[in-house]
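Structure data follow from work17.pdb (PDB, N, CA and C atoms):
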```
ATOM      1  N   MET A  22      -3.360  16.221   3.826
ATOM      2  CA  MET A  22      -2.502  15.157   3.355
ATOM      3  C   MET A  22      -3.013  14.636   2.026
ATOM      4  N   ASN A  23      -2.117  14.479   1.098
ATOM      5  CA  ASN A  23      -2.478  13.954  -0.215
ATOM      6  C   ASN A  23      -2.269  12.456  -0.224
ATOM      7  N   ARG A  24      -3.328  11.720  -0.196
ATOM      8  CA  ARG A  24      -3.215  10.267  -0.134
ATOM      9  C   ARG A  24      -3.371   9.640  -1.503
ATOM     10  N   GLY A  25      -2.551  10.026  -2.417
ATOM     11  CA  GLY A  25      -2.385   9.325  -3.676
ATOM     12  C   GLY A  25      -3.587   9.245  -4.585
ATOM     13  N   ASN A  26      -4.308  10.327  -4.789
ATOM     14  CA  ASN A  26      -5.405  10.308  -5.751
ATOM     15  C   ASN A  26      -4.882  10.434  -7.171
ATOM     16  N   LYS A  27      -3.584  10.291  -7.355
ATOM     17  CA  LYS A  27      -2.948  10.592  -8.624
ATOM     18  C   LYS A  27      -3.197   9.577  -9.720
ATOM     19  N   MET A  28      -3.486   8.339  -9.389
ATOM     20  CA  MET A  28      -3.481   7.316 -10.415
ATOM     21  C   MET A  28      -4.777   6.537 -10.590
ATOM     22  N   ILE A  29      -5.627   6.529  -9.601
ATOM     23  CA  ILE A  29      -6.803   5.674  -9.702
ATOM     24  C   ILE A  29      -8.081   6.451  -9.403
ATOM     25  N   SER A  30      -9.161   5.989 -10.011
ATOM     26  CA  SER A  30     -10.463   6.623  -9.810
ATOM     27  C   SER A  30     -11.124   6.055  -8.552
ATOM     28  N   GLY A  31     -12.230   6.632  -8.171
ATOM     29  CA  GLY A  31     -12.991   6.146  -7.022
ATOM     30  C   GLY A  31     -13.464   4.715  -7.216
ATOM     31  N   LYS A  32     -13.919   4.393  -8.424
ATOM     32  CA  LYS A  32     -14.367   3.030  -8.711
ATOM     33  C   LYS A  32     -13.210   2.042  -8.629
ATOM     34  N   GLN A  33     -12.057   2.453  -9.135
ATOM     35  CA  GLN A  33     -10.882   1.590  -9.078
ATOM     36  C   GLN A  33     -10.442   1.386  -7.628
ATOM     37  N   ARG A  34     -10.490   2.448  -6.829
ATOM     38  CA  ARG A  34     -10.132   2.349  -5.416
ATOM     39  C   ARG A  34     -11.083   1.390  -4.700
ATOM     40  N   SER A  35     -12.373   1.488  -4.984
ATOM     41  CA  SER A  35     -13.356   0.582  -4.384
ATOM     42  C   SER A  35     -13.075  -0.867  -4.763
ATOM     43  N   TYR A  36     -12.722  -1.091  -6.012
ATOM     44  CA  TYR A  36     -12.382  -2.437  -6.487
ATOM     45  C   TYR A  36     -11.166  -2.982  -5.734
ATOM     46  N   LEU A  37     -10.139  -2.137  -5.559
ATOM     47  CA  LEU A  37      -8.932  -2.559  -4.844
ATOM     48  C   LEU A  37      -9.235  -2.839  -3.368
ATOM     49  N   LYS A  38     -10.104  -2.047  -2.761
ATOM     50  CA  LYS A  38     -10.503  -2.295  -1.363
ATOM     51  C   LYS A  38     -11.171  -3.658  -1.238
ATOM     52  N   LYS A  39     -12.007  -3.966  -2.207
ATOM     53  CA  LYS A  39     -12.692  -5.268  -2.212
ATOM     54  C   LYS A  39     -11.674  -6.411  -2.325
ATOM     55  N   LEU A  40     -10.698  -6.264  -3.203
ATOM     56  CA  LEU A  40      -9.660  -7.291  -3.359
ATOM     57  C   LEU A  40      -8.830  -7.446  -2.075
ATOM     58  N   ALA A  41      -8.604  -6.342  -1.386
ATOM     59  CA  ALA A  41      -7.742  -6.362  -0.199
ATOM     60  C   ALA A  41      -8.468  -6.827   1.063
ATOM     61  N   HIS A  42      -9.783  -6.887   1.020
ATOM     62  CA  HIS A  42     -10.573  -7.148   2.223
ATOM     63  C   HIS A  42     -10.101  -8.385   2.991
ATOM     64  N   ASN A  43      -9.909  -9.499   2.324
ATOM     65  CA  ASN A  43      -9.535 -10.738   3.002
ATOM     66  C   ASN A  43      -8.026 -11.008   3.021
ATOM     67  N   MET A  44      -7.244 -10.044   2.558
ATOM     68  CA  MET A  44      -5.788 -10.201   2.583
ATOM     69  C   MET A  44      -5.276 -10.058   4.011
ATOM     70  N   SER A  45      -4.189 -10.750   4.294
ATOM     71  CA  SER A  45      -3.537 -10.536   5.583
ATOM     72  C   SER A  45      -2.321  -9.631   5.352
ATOM     73  N   PRO A  46      -1.951  -8.840   6.370
ATOM     74  CA  PRO A  46      -0.788  -7.955   6.222
ATOM     75  C   PRO A  46       0.482  -8.762   5.955
ATOM     76  N   LYS A  47       1.298  -8.260   5.044
ATOM     77  CA  LYS A  47       2.543  -8.932   4.672
ATOM     78  C   LYS A  47       3.746  -8.367   5.418
ATOM     79  N   LEU A  48       3.607  -7.173   5.977
ATOM     80  CA  LEU A  48       4.694  -6.536   6.716
ATOM     81  C   LEU A  48       4.132  -5.822   7.934
ATOM     82  N   ASN A  49       4.970  -5.695   8.960
ATOM     83  CA  ASN A  49       4.629  -4.898  10.132
ATOM     84  C   ASN A  49       5.624  -3.751  10.236
ATOM     85  N   ILE A  50       5.101  -2.568  10.541
ATOM     86  CA  ILE A  50       5.973  -1.432  10.822
ATOM     87  C   ILE A  50       5.830  -1.153  12.306
ATOM     88  N   GLY A  51       6.901  -1.364  13.038
ATOM     89  CA  GLY A  51       6.886  -1.203  14.487
ATOM     90  C   GLY A  51       7.661   0.006  14.932
ATOM     91  N   LYS A  52       8.273  -0.120  16.107
ATOM     92  CA  LYS A  52       8.944   1.018  16.728
ATOM     93  C   LYS A  52      10.169   1.507  15.962
ATOM     94  N   ASN A  53      10.714   0.674  15.074
ATOM     95  CA  ASN A  53      11.880   1.094  14.297
ATOM     96  C   ASN A  53      11.525   1.978  13.111
ATOM     97  N   GLY A  54      10.248   2.080  12.790
ATOM     98  CA  GLY A  54       9.822   2.959  11.704
ATOM     99  C   GLY A  54      10.221   2.433  10.334
ATOM    100  N   ILE A  55      10.497   3.366   9.425
ATOM    101  CA  ILE A  55      10.781   3.017   8.039
ATOM    102  C   ILE A  55      12.287   3.058   7.790
ATOM    103  N   SER A  56      12.808   1.959   7.285
ATOM    104  CA  SER A  56      14.226   1.867   6.933
ATOM    105  C   SER A  56      14.341   1.589   5.436
ATOM    106  N   ASP A  57      15.543   1.689   4.908
ATOM    107  CA  ASP A  57      15.759   1.377   3.496
ATOM    108  C   ASP A  57      15.402  -0.079   3.196
ATOM    109  N   SER A  58      15.713  -0.974   4.123
ATOM    110  CA  SER A  58      15.405  -2.389   3.896
ATOM    111  C   SER A  58      13.893  -2.629   3.900
ATOM    112  N   LEU A  59      13.149  -1.877   4.706
ATOM    113  CA  LEU A  59      11.691  -1.994   4.701
ATOM    114  C   LEU A  59      11.127  -1.505   3.364
ATOM    115  N   ILE A  60      11.645  -0.393   2.861
ATOM    116  CA  ILE A  60      11.202   0.134   1.564
ATOM    117  C   ILE A  60      11.514  -0.886   0.468
ATOM    118  N   ASP A  61      12.698  -1.505   0.525
ATOM    119  CA  ASP A  61      13.052  -2.540  -0.450
ATOM    120  C   ASP A  61      12.074  -3.709  -0.389
ATOM    121  N   ALA A  62      11.697  -4.115   0.824
ATOM    122  CA  ALA A  62      10.748  -5.222   0.999
ATOM    123  C   ALA A  62       9.377  -4.858   0.430
ATOM    124  N   ILE A  63       8.937  -3.622   0.664
ATOM    125  CA  ILE A  63       7.650  -3.167   0.114
ATOM    126  C   ILE A  63       7.709  -3.146  -1.403
ATOM    127  N   ASP A  64       8.822  -2.655  -1.960
ATOM    128  CA  ASP A  64       9.000  -2.638  -3.420
ATOM    129  C   ASP A  64       8.882  -4.043  -4.004
ATOM    130  N   GLU A  65       9.536  -5.002  -3.370
ATOM    131  CA  GLU A  65       9.484  -6.395  -3.841
ATOM    132  C   GLU A  65       8.060  -6.950  -3.772
ATOM    133  N   LEU A  66       7.359  -6.670  -2.679
ATOM    134  CA  LEU A  66       5.977  -7.134  -2.549
ATOM    135  C   LEU A  66       5.072  -6.496  -3.601
ATOM    136  N   LEU A  67       5.250  -5.197  -3.832
ATOM    137  CA  LEU A  67       4.436  -4.518  -4.843
ATOM    138  C   LEU A  67       4.697  -5.094  -6.230
ATOM    139  N   GLU A  68       5.939  -5.393  -6.540
ATOM    140  CA  GLU A  68       6.255  -5.965  -7.850
ATOM    141  C   GLU A  68       5.637  -7.359  -7.989
ATOM    142  N   ALA A  69       5.646  -8.129  -6.925
ATOM    143  CA  ALA A  69       5.122  -9.494  -6.972
ATOM    144  C   ALA A  69       3.595  -9.542  -6.900
ATOM    145  N   ARG A  70       2.984  -8.631  -6.121
ATOM    146  CA  ARG A  70       1.549  -8.734  -5.830
ATOM    147  C   ARG A  70       0.701  -7.558  -6.316
ATOM    148  N   GLU A  71       1.295  -6.406  -6.487
ATOM    149  CA  GLU A  71       0.638  -5.149  -6.876
ATOM    150  C   GLU A  71      -0.173  -4.520  -5.746
ATOM    151  N   LEU A  72      -0.877  -5.318  -4.976
ATOM    152  CA  LEU A  72      -1.716  -4.826  -3.881
ATOM    153  C   LEU A  72      -1.156  -5.396  -2.581
ATOM    154  N   VAL A  73      -0.798  -4.513  -1.649
ATOM    155  CA  VAL A  73      -0.125  -4.949  -0.429
ATOM    156  C   VAL A  73      -0.800  -4.331   0.786
ATOM    157  N   LYS A  74      -0.992  -5.156   1.818
ATOM    158  CA  LYS A  74      -1.525  -4.691   3.093
ATOM    159  C   LYS A  74      -0.379  -4.699   4.107
ATOM    160  N   ILE A  75      -0.233  -3.591   4.818
ATOM    161  CA  ILE A  75       0.843  -3.406   5.795
ATOM    162  C   ILE A  75       0.221  -3.053   7.142
ATOM    163  N   ASN A  76       0.717  -3.686   8.194
ATOM    164  CA  ASN A  76       0.236  -3.430   9.542
ATOM    165  C   ASN A  76       1.133  -2.388  10.198
ATOM    166  N   ILE A  77       0.566  -1.255  10.595
ATOM    167  CA  ILE A  77       1.311  -0.233  11.319
ATOM    168  C   ILE A  77       0.979  -0.424  12.799
ATOM    169  N   LEU A  78       1.951  -0.944  13.534
ATOM    170  CA  LEU A  78       1.741  -1.304  14.931
ATOM    171  C   LEU A  78       1.599  -0.073  15.814
ATOM    172  N   LYS A  79       0.878  -0.235  16.909
ATOM    173  CA  LYS A  79       0.614   0.882  17.813
ATOM    174  C   LYS A  79       1.862   1.342  18.564
ATOM    175  N   ASN A  80       2.902   0.484  18.624
ATOM    176  CA  ASN A  80       4.123   0.887  19.327
ATOM    177  C   ASN A  80       5.014   1.779  18.468
ATOM    178  N   ASN A  81       4.561   2.075  17.259
ATOM    179  CA  ASN A  81       5.323   2.964  16.386
ATOM    180  C   ASN A  81       5.137   4.386  16.887
ATOM    181  N   SER A  82       6.249   5.090  17.107
ATOM    182  CA  SER A  82       6.165   6.433  17.669
ATOM    183  C   SER A  82       5.845   7.494  16.613
ATOM    184  N   ASP A  83       6.047   7.176  15.347
ATOM    185  CA  ASP A  83       5.763   8.147  14.288
ATOM    186  C   ASP A  83       4.259   8.230  14.033
ATOM    187  N   GLU A  84       3.822   9.369  13.545
ATOM    188  CA  GLU A  84       2.420   9.527  13.185
ATOM    189  C   GLU A  84       2.132   8.711  11.930
ATOM    190  N   ALA A  85       1.001   8.034  11.928
ATOM    191  CA  ALA A  85       0.638   7.174  10.797
ATOM    192  C   ALA A  85       0.602   7.959   9.491
ATOM    193  N   ASP A  86       0.077   9.180   9.512
ATOM    194  CA  ASP A  86      -0.012   9.972   8.282
ATOM    195  C   ASP A  86       1.363  10.224   7.676
ATOM    196  N   LYS A  87       2.345  10.506   8.520
ATOM    197  CA  LYS A  87       3.701  10.751   8.029
ATOM    198  C   LYS A  87       4.313   9.473   7.466
ATOM    199  N   LEU A  88       4.066   8.355   8.143
ATOM    200  CA  LEU A  88       4.561   7.065   7.655
ATOM    201  C   LEU A  88       3.963   6.730   6.297
ATOM    202  N   ILE A  89       2.665   6.928   6.170
ATOM    203  CA  ILE A  89       1.965   6.620   4.920
ATOM    204  C   ILE A  89       2.525   7.473   3.784
ATOM    205  N   GLU A  90       2.673   8.770   4.024
ATOM    206  CA  GLU A  90       3.219   9.662   2.998
ATOM    207  C   GLU A  90       4.615   9.222   2.566
ATOM    208  N   GLU A  91       5.435   8.838   3.541
ATOM    209  CA  GLU A  91       6.797   8.420   3.229
ATOM    210  C   GLU A  91       6.803   7.125   2.411
ATOM    211  N   ILE A  92       5.951   6.183   2.781
ATOM    212  CA  ILE A  92       5.857   4.919   2.032
ATOM    213  C   ILE A  92       5.396   5.178   0.608
ATOM    214  N   LEU A  93       4.340   5.971   0.450
ATOM    215  CA  LEU A  93       3.820   6.276  -0.886
ATOM    216  C   LEU A  93       4.878   6.968  -1.737
ATOM    217  N   ASP A  94       5.571   7.912  -1.138
ATOM    218  CA  ASP A  94       6.585   8.675  -1.854
ATOM    219  C   ASP A  94       7.765   7.804  -2.274
ATOM    220  N   LYS A  95       8.265   6.995  -1.351
ATOM    221  CA  LYS A  95       9.470   6.209  -1.626
ATOM    222  C   LYS A  95       9.221   4.984  -2.506
ATOM    223  N   THR A  96       7.974   4.515  -2.562
ATOM    224  CA  THR A  96       7.681   3.331  -3.374
ATOM    225  C   THR A  96       6.946   3.669  -4.663
ATOM    226  N   GLY A  97       6.481   4.908  -4.806
ATOM    227  CA  GLY A  97       5.716   5.278  -5.994
ATOM    228  C   GLY A  97       4.368   4.583  -6.053
ATOM    229  N   SER A  98       3.862   4.195  -4.895
ATOM    230  CA  SER A  98       2.585   3.485  -4.841
ATOM    231  C   SER A  98       1.438   4.456  -4.606
ATOM    232  N   VAL A  99       0.229   3.929  -4.693
ATOM    233  CA  VAL A  99      -0.982   4.721  -4.537
ATOM    234  C   VAL A  99      -1.719   4.253  -3.287
ATOM    235  N   PHE A 100      -2.210   5.207  -2.511
ATOM    236  CA  PHE A 100      -2.998   4.917  -1.329
ATOM    237  C   PHE A 100      -4.336   4.289  -1.720
ATOM    238  N   VAL A 101      -4.696   3.192  -1.059
ATOM    239  CA  VAL A 101      -6.011   2.579  -1.255
ATOM    240  C   VAL A 101      -6.869   2.830  -0.024
ATOM    241  N   GLN A 102      -6.376   2.415   1.174
ATOM    242  CA  GLN A 102      -7.112   2.701   2.398
ATOM    243  C   GLN A 102      -6.229   2.501   3.619
ATOM    244  N   PHE A 103      -6.668   3.102   4.734
ATOM    245  CA  PHE A 103      -6.009   2.921   6.026
ATOM    246  C   PHE A 103      -7.097   2.813   7.072
ATOM    247  N   ILE A 104      -7.270   1.601   7.619
ATOM    248  CA  ILE A 104      -8.298   1.352   8.638
ATOM    249  C   ILE A 104      -7.706   0.457   9.710
ATOM    250  N   GLY A 105      -7.898   0.838  10.963
ATOM    251  CA  GLY A 105      -7.485  -0.003  12.077
ATOM    252  C   GLY A 105      -6.017  -0.378  12.075
ATOM    253  N   GLY A 106      -5.178   0.547  11.666
ATOM    254  CA  GLY A 106      -3.746   0.277  11.633
ATOM    255  C   GLY A 106      -3.288  -0.516  10.424
ATOM    256  N   LYS A 107      -4.210  -0.803   9.502
ATOM    257  CA  LYS A 107      -3.876  -1.563   8.288
ATOM    258  C   LYS A 107      -3.865  -0.617   7.093
ATOM    259  N   LEU A 108      -2.711  -0.552   6.444
ATOM    260  CA  LEU A 108      -2.534   0.281   5.258
ATOM    261  C   LEU A 108      -2.562  -0.609   4.029
ATOM    262  N   VAL A 109      -3.331  -0.209   3.024
ATOM    263  CA  VAL A 109      -3.358  -0.925   1.748
ATOM    264  C   VAL A 109      -2.861   0.034   0.676
ATOM    265  N   ILE A 110      -1.852  -0.447  -0.094
ATOM    266  CA  ILE A 110      -1.287   0.350  -1.177
ATOM    267  C   ILE A 110      -1.268  -0.472  -2.460
ATOM    268  N   TYR A 111      -1.198   0.241  -3.581
ATOM    269  CA  TYR A 111      -1.220  -0.408  -4.897
ATOM    270  C   TYR A 111      -0.173   0.236  -5.796
ATOM    271  N   ARG A 112       0.473  -0.599  -6.587
ATOM    272  CA  ARG A 112       1.350  -0.110  -7.660
ATOM    273  C   ARG A 112       1.363  -1.176  -8.748
ATOM    274  N   PRO A 113       1.064  -0.807  -9.985
ATOM    275  CA  PRO A 113       1.088  -1.798 -11.067
ATOM    276  C   PRO A 113       2.472  -2.431 -11.188
ATOM    277  N   SER A 114       2.487  -3.717 -11.388
ATOM    278  CA  SER A 114       3.738  -4.451 -11.545
ATOM    279  C   SER A 114       4.254  -4.311 -12.975
ATOM    280  N   ILE A 115       5.564  -4.341 -13.121
ATOM    281  CA  ILE A 115       6.170  -4.287 -14.444
ATOM    282  C   ILE A 115       6.164  -5.671 -15.086
ATOM    283  N   LYS A 116       6.519  -6.691 -14.304
ATOM    284  CA  LYS A 116       6.659  -8.051 -14.842
ATOM    285  C   LYS A 116       5.523  -8.989 -14.460
ATOM    286  N   ASN A 117       4.796  -8.704 -13.387
ATOM    287  CA  ASN A 117       3.791  -9.634 -12.860
ATOM    288  C   ASN A 117       2.402  -9.013 -12.828
ATOM    289  N   LYS A 118       1.975  -8.422 -13.927
ATOM    290  CA  LYS A 118       0.680  -7.737 -13.989
ATOM    291  C   LYS A 118      -0.445  -8.714 -13.686
ATOM    292  N   LYS A 119      -1.199  -8.433 -12.606
ATOM    293  CA  LYS A 119      -2.310  -9.296 -12.191
ATOM    294  C   LYS A 119      -3.635  -8.552 -12.134
ATOM    295  N   ILE A 120      -3.576  -7.286 -11.800
ATOM    296  CA  ILE A 120      -4.784  -6.494 -11.605
ATOM    297  C   ILE A 120      -4.937  -5.517 -12.764
ATOM    298  N   ASP A 121      -6.033  -5.632 -13.502
ATOM    299  CA  ASP A 121      -6.273  -4.755 -14.654
ATOM    300  C   ASP A 121      -7.315  -3.699 -14.258
ATOM    301  N   LEU A 122      -6.849  -2.517 -13.937
ATOM    302  CA  LEU A 122      -7.761  -1.442 -13.522
ATOM    303  C   LEU A 122      -8.361  -0.719 -14.732
ATOM    304  N   ASP A 123      -7.835  -0.963 -15.914
ATOM    305  CA  ASP A 123      -8.357  -0.285 -17.104
ATOM    306  C   ASP A 123      -9.801  -0.674 -17.405
ATOM    307  N   LYS A 124     -10.198  -1.886 -17.023
ATOM    308  CA  LYS A 124     -11.570  -2.343 -17.284
ATOM    309  C   LYS A 124     -12.563  -1.888 -16.214
ATOM    310  N   ILE A 125     -12.072  -1.232 -15.175
ATOM    311  CA  ILE A 125     -12.944  -0.777 -14.074
ATOM    312  C   ILE A 125     -13.448   0.617 -14.368
TER
END
```
As structure tokens, what does this structure read like?
Amino acid sequence: MNRGNKMISGKQRSYLKKLAHNMSPKLNIGKNGISDSLIDAIDELLEARELVKINILKNNSDEADKLIEEILDKTGSVFVQFIGGKLVIYRPSIKNKKIDLDKI
């Protein structure tokens, strides 16, 4: 599985993990899986925050790896980490730039 090594270096990924450590998940993905409205919600969160934590609930019947790939693909985001059902993704914002990875 290709988990988004396309845009950020190892140091940048470590920096993003540190920023995400105390974040709480903003969305839950449950038994309904991924819908267009969920992708729209993730897009809005990424534009507003750049770094988003998503909770993939255990009642979800889809495999986490497939869900992660679909989210990354449909949102154009980059994988940061997946631990304990918590997915962290990153995408630079167009209008609300907050995280400067160029200095990392």
Worksheet entry | Hits from the PyMOL selection byres (((chain A and resi 33 and name CA) around 10) and name CA), listed as a list of chain:residue names | A:Met28, A:Ile29, A:Ser30, A:Gly31, A:Lys32, A:Arg34, A:Ser35, A:Tyr36, A:Leu37, A:Lys38, A:Lys39, A:Val101, A:Asp121, A:Leu122, A:Asp123, A:Lys124, A:Ile125
Worksheet item: Using the chain letters and numbers from the file, which residues does the PyMOL selection byres ((chain A and resi 73) around 6.5) grab, as a list in words?
Response: Lys47, Leu66, Leu67, Arg70, Glu71, Leu72, Lys74, Ile75, Leu108, Val109, Ile110, Tyr111 and Arg112 of chain A
Worksheet item: atom CA of Lys79 of chain A and atom CA of Asn53 of chain A are how many Å apart?
Response: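 Interatomic distance here is 11.8 Å.
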Discussion item. Taking 3 positions as the minimum chain separation for residues in the same chain, which residues sit within 7 Å of Leu78 of chain A when counting only C-alpha atoms? Answer as a PyMOL selection string.
Written reply: chain A and resi 49-51+81+106
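Going from atom CA of Asp61 of chain A over to atom N of Phe100 of chain A, you cover 17.2 Å.
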Worksheet entry | strand (DSSP E) positions in chain A, given as a list in words |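 The strand (DSSP E) residues within chain A come out as Leu48, Asn49, Ile50, Leu72, Val73, Lys74, Ile75, Asn76, Ile77, Val99, Phe100, Val101, Gln102, Phe103, Ile104, Lys107, Leu108, Val109, Ile110 and Tyr111 of chain A.
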Worksheet item: Smallest atom-to-atom distance to Lys95 of chain A: which of A:Ala41, A:Ile60, A:Ile77, A:Ala69, using only N, CA and C atoms?
Response: A:Ile60
Practice prompt. Go through chain A and collect every residue that DSSP, computed from the backbone, puts in alpha helix (DSSP H); the answer should be as a PyMOL selection string.
Written response: chain A and resi 31-41+57-70+85-96
Worksheet entry | Point-to-point distance in Å for atom CA of Lys52 of chain A and atom C of Asn80 of chain A |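 Result for atom C of Asn80 of chain A versus atom CA of Lys52 of chain A: 4.4 Å, one decimal.
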Axis-aligned box for segment 74-79 of chain A, 8 Å per side, centre and edges in Å as AutoDock Vina command-line options:
```
--center_x 0.2 --center_y -1.9 --center_z 10.2 --size_x 19.5 --size_y 22.5 --size_z 32.7
```
Since the input lacks some atoms of segment 82-91 of chain A, please model all heavy atoms and print them as an mmCIF file, keeping the file's coordinate frame.
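Full text of selection.cif as output:
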```
data_model
loop_
_atom_site.group_PDB
_atom_site.id
_atom_site.type_symbol
_atom_site.label_atom_id
_atom_site.label_comp_id
_atom_site.auth_asym_id
_atom_site.auth_seq_id
_atom_site.Cartn_x
_atom_site.Cartn_y
_atom_site.Cartn_z
ATOM 1 N N SER A 82 6.249 5.090 17.107
ATOM 2 C CA SER A 82 6.165 6.433 17.669
ATOM 3 C C SER A 82 5.845 7.494 16.613
ATOM 4 O O SER A 82 5.445 8.597 16.945
ATOM 5 C CB SER A 82 7.475 6.784 18.378
ATOM 6 O OG SER A 82 8.546 6.723 17.458
ATOM 7 N N ASP A 83 6.047 7.176 15.347
ATOM 8 C CA ASP A 83 5.763 8.147 14.288
ATOM 9 C C ASP A 83 4.259 8.230 14.033
ATOM 10 O O ASP A 83 3.525 7.274 14.245
ATOM 11 C CB ASP A 83 6.456 7.732 12.983
ATOM 12 C CG ASP A 83 7.965 7.746 13.119
ATOM 13 O OD1 ASP A 83 8.480 8.526 13.921
ATOM 14 O OD2 ASP A 83 8.619 6.954 12.411
ATOM 15 N N GLU A 84 3.822 9.369 13.545
ATOM 16 C CA GLU A 84 2.420 9.527 13.185
ATOM 17 C C GLU A 84 2.132 8.711 11.930
ATOM 18 O O GLU A 84 2.920 8.704 10.987
ATOM 19 C CB GLU A 84 2.105 10.991 12.920
ATOM 20 C CG GLU A 84 2.159 11.863 14.151
ATOM 21 C CD GLU A 84 1.803 13.302 13.825
ATOM 22 O OE1 GLU A 84 0.945 13.524 12.947
ATOM 23 O OE2 GLU A 84 2.396 14.183 14.443
ATOM 24 N N ALA A 85 1.001 8.034 11.928
ATOM 25 C CA ALA A 85 0.638 7.174 10.797
ATOM 26 C C ALA A 85 0.602 7.959 9.491
ATOM 27 O O ALA A 85 1.072 7.461 8.459
ATOM 28 C CB ALA A 85 -0.704 6.505 11.063
ATOM 29 N N ASP A 86 0.077 9.180 9.512
ATOM 30 C CA ASP A 86 -0.012 9.972 8.282
ATOM 31 C C ASP A 86 1.363 10.224 7.676
ATOM 32 O O ASP A 86 1.540 10.140 6.463
ATOM 33 C CB ASP A 86 -0.702 11.318 8.544
ATOM 34 C CG ASP A 86 -2.195 11.183 8.732
ATOM 35 O OD1 ASP A 86 -2.740 10.087 8.467
ATOM 36 O OD2 ASP A 86 -2.833 12.162 9.150
ATOM 37 N N LYS A 87 2.345 10.506 8.520
ATOM 38 C CA LYS A 87 3.701 10.751 8.029
ATOM 39 C C LYS A 87 4.313 9.473 7.466
ATOM 40 O O LYS A 87 4.990 9.499 6.440
ATOM 41 C CB LYS A 87 4.582 11.308 9.147
ATOM 42 C CG LYS A 87 4.238 12.728 9.528
ATOM 43 C CD LYS A 87 5.126 13.239 10.634
ATOM 44 C CE LYS A 87 4.716 14.636 11.036
ATOM 45 N NZ LYS A 87 5.508 15.135 12.164
ATOM 46 N N LEU A 88 4.066 8.355 8.143
ATOM 47 C CA LEU A 88 4.561 7.065 7.655
ATOM 48 C C LEU A 88 3.963 6.730 6.297
ATOM 49 O O LEU A 88 4.662 6.294 5.381
ATOM 50 C CB LEU A 88 4.211 5.943 8.635
ATOM 51 C CG LEU A 88 5.017 5.876 9.919
ATOM 52 C CD1 LEU A 88 4.427 4.829 10.843
ATOM 53 C CD2 LEU A 88 6.459 5.576 9.633
ATOM 54 N N ILE A 89 2.665 6.928 6.170
ATOM 55 C CA ILE A 89 1.965 6.620 4.920
ATOM 56 C C ILE A 89 2.525 7.473 3.784
ATOM 57 O O ILE A 89 2.831 6.960 2.708
ATOM 58 C CB ILE A 89 0.443 6.819 5.079
ATOM 59 C CG1 ILE A 89 -0.109 5.757 6.039
ATOM 60 C CG2 ILE A 89 -0.263 6.757 3.730
ATOM 61 C CD1 ILE A 89 -1.533 6.022 6.503
ATOM 62 N N GLU A 90 2.673 8.770 4.024
ATOM 63 C CA GLU A 90 3.219 9.662 2.998
ATOM 64 C C GLU A 90 4.615 9.222 2.566
ATOM 65 O O GLU A 90 4.932 9.214 1.378
ATOM 66 C CB GLU A 90 3.263 11.107 3.502
ATOM 67 C CG GLU A 90 1.930 11.799 3.493
ATOM 68 C CD GLU A 90 1.322 11.916 2.106
ATOM 69 O OE1 GLU A 90 2.036 12.228 1.130
ATOM 70 O OE2 GLU A 90 0.112 11.687 1.989
ATOM 71 N N GLU A 91 5.435 8.838 3.541
ATOM 72 C CA GLU A 91 6.797 8.420 3.229
ATOM 73 C C GLU A 91 6.803 7.125 2.411
ATOM 74 O O GLU A 91 7.548 6.996 1.439
ATOM 75 C CB GLU A 91 7.597 8.225 4.523
ATOM 76 C CG GLU A 91 9.058 7.950 4.283
ATOM 77 C CD GLU A 91 9.885 7.892 5.553
ATOM 78 O OE1 GLU A 91 9.383 8.261 6.640
ATOM 79 O OE2 GLU A 91 11.043 7.469 5.449
#
```
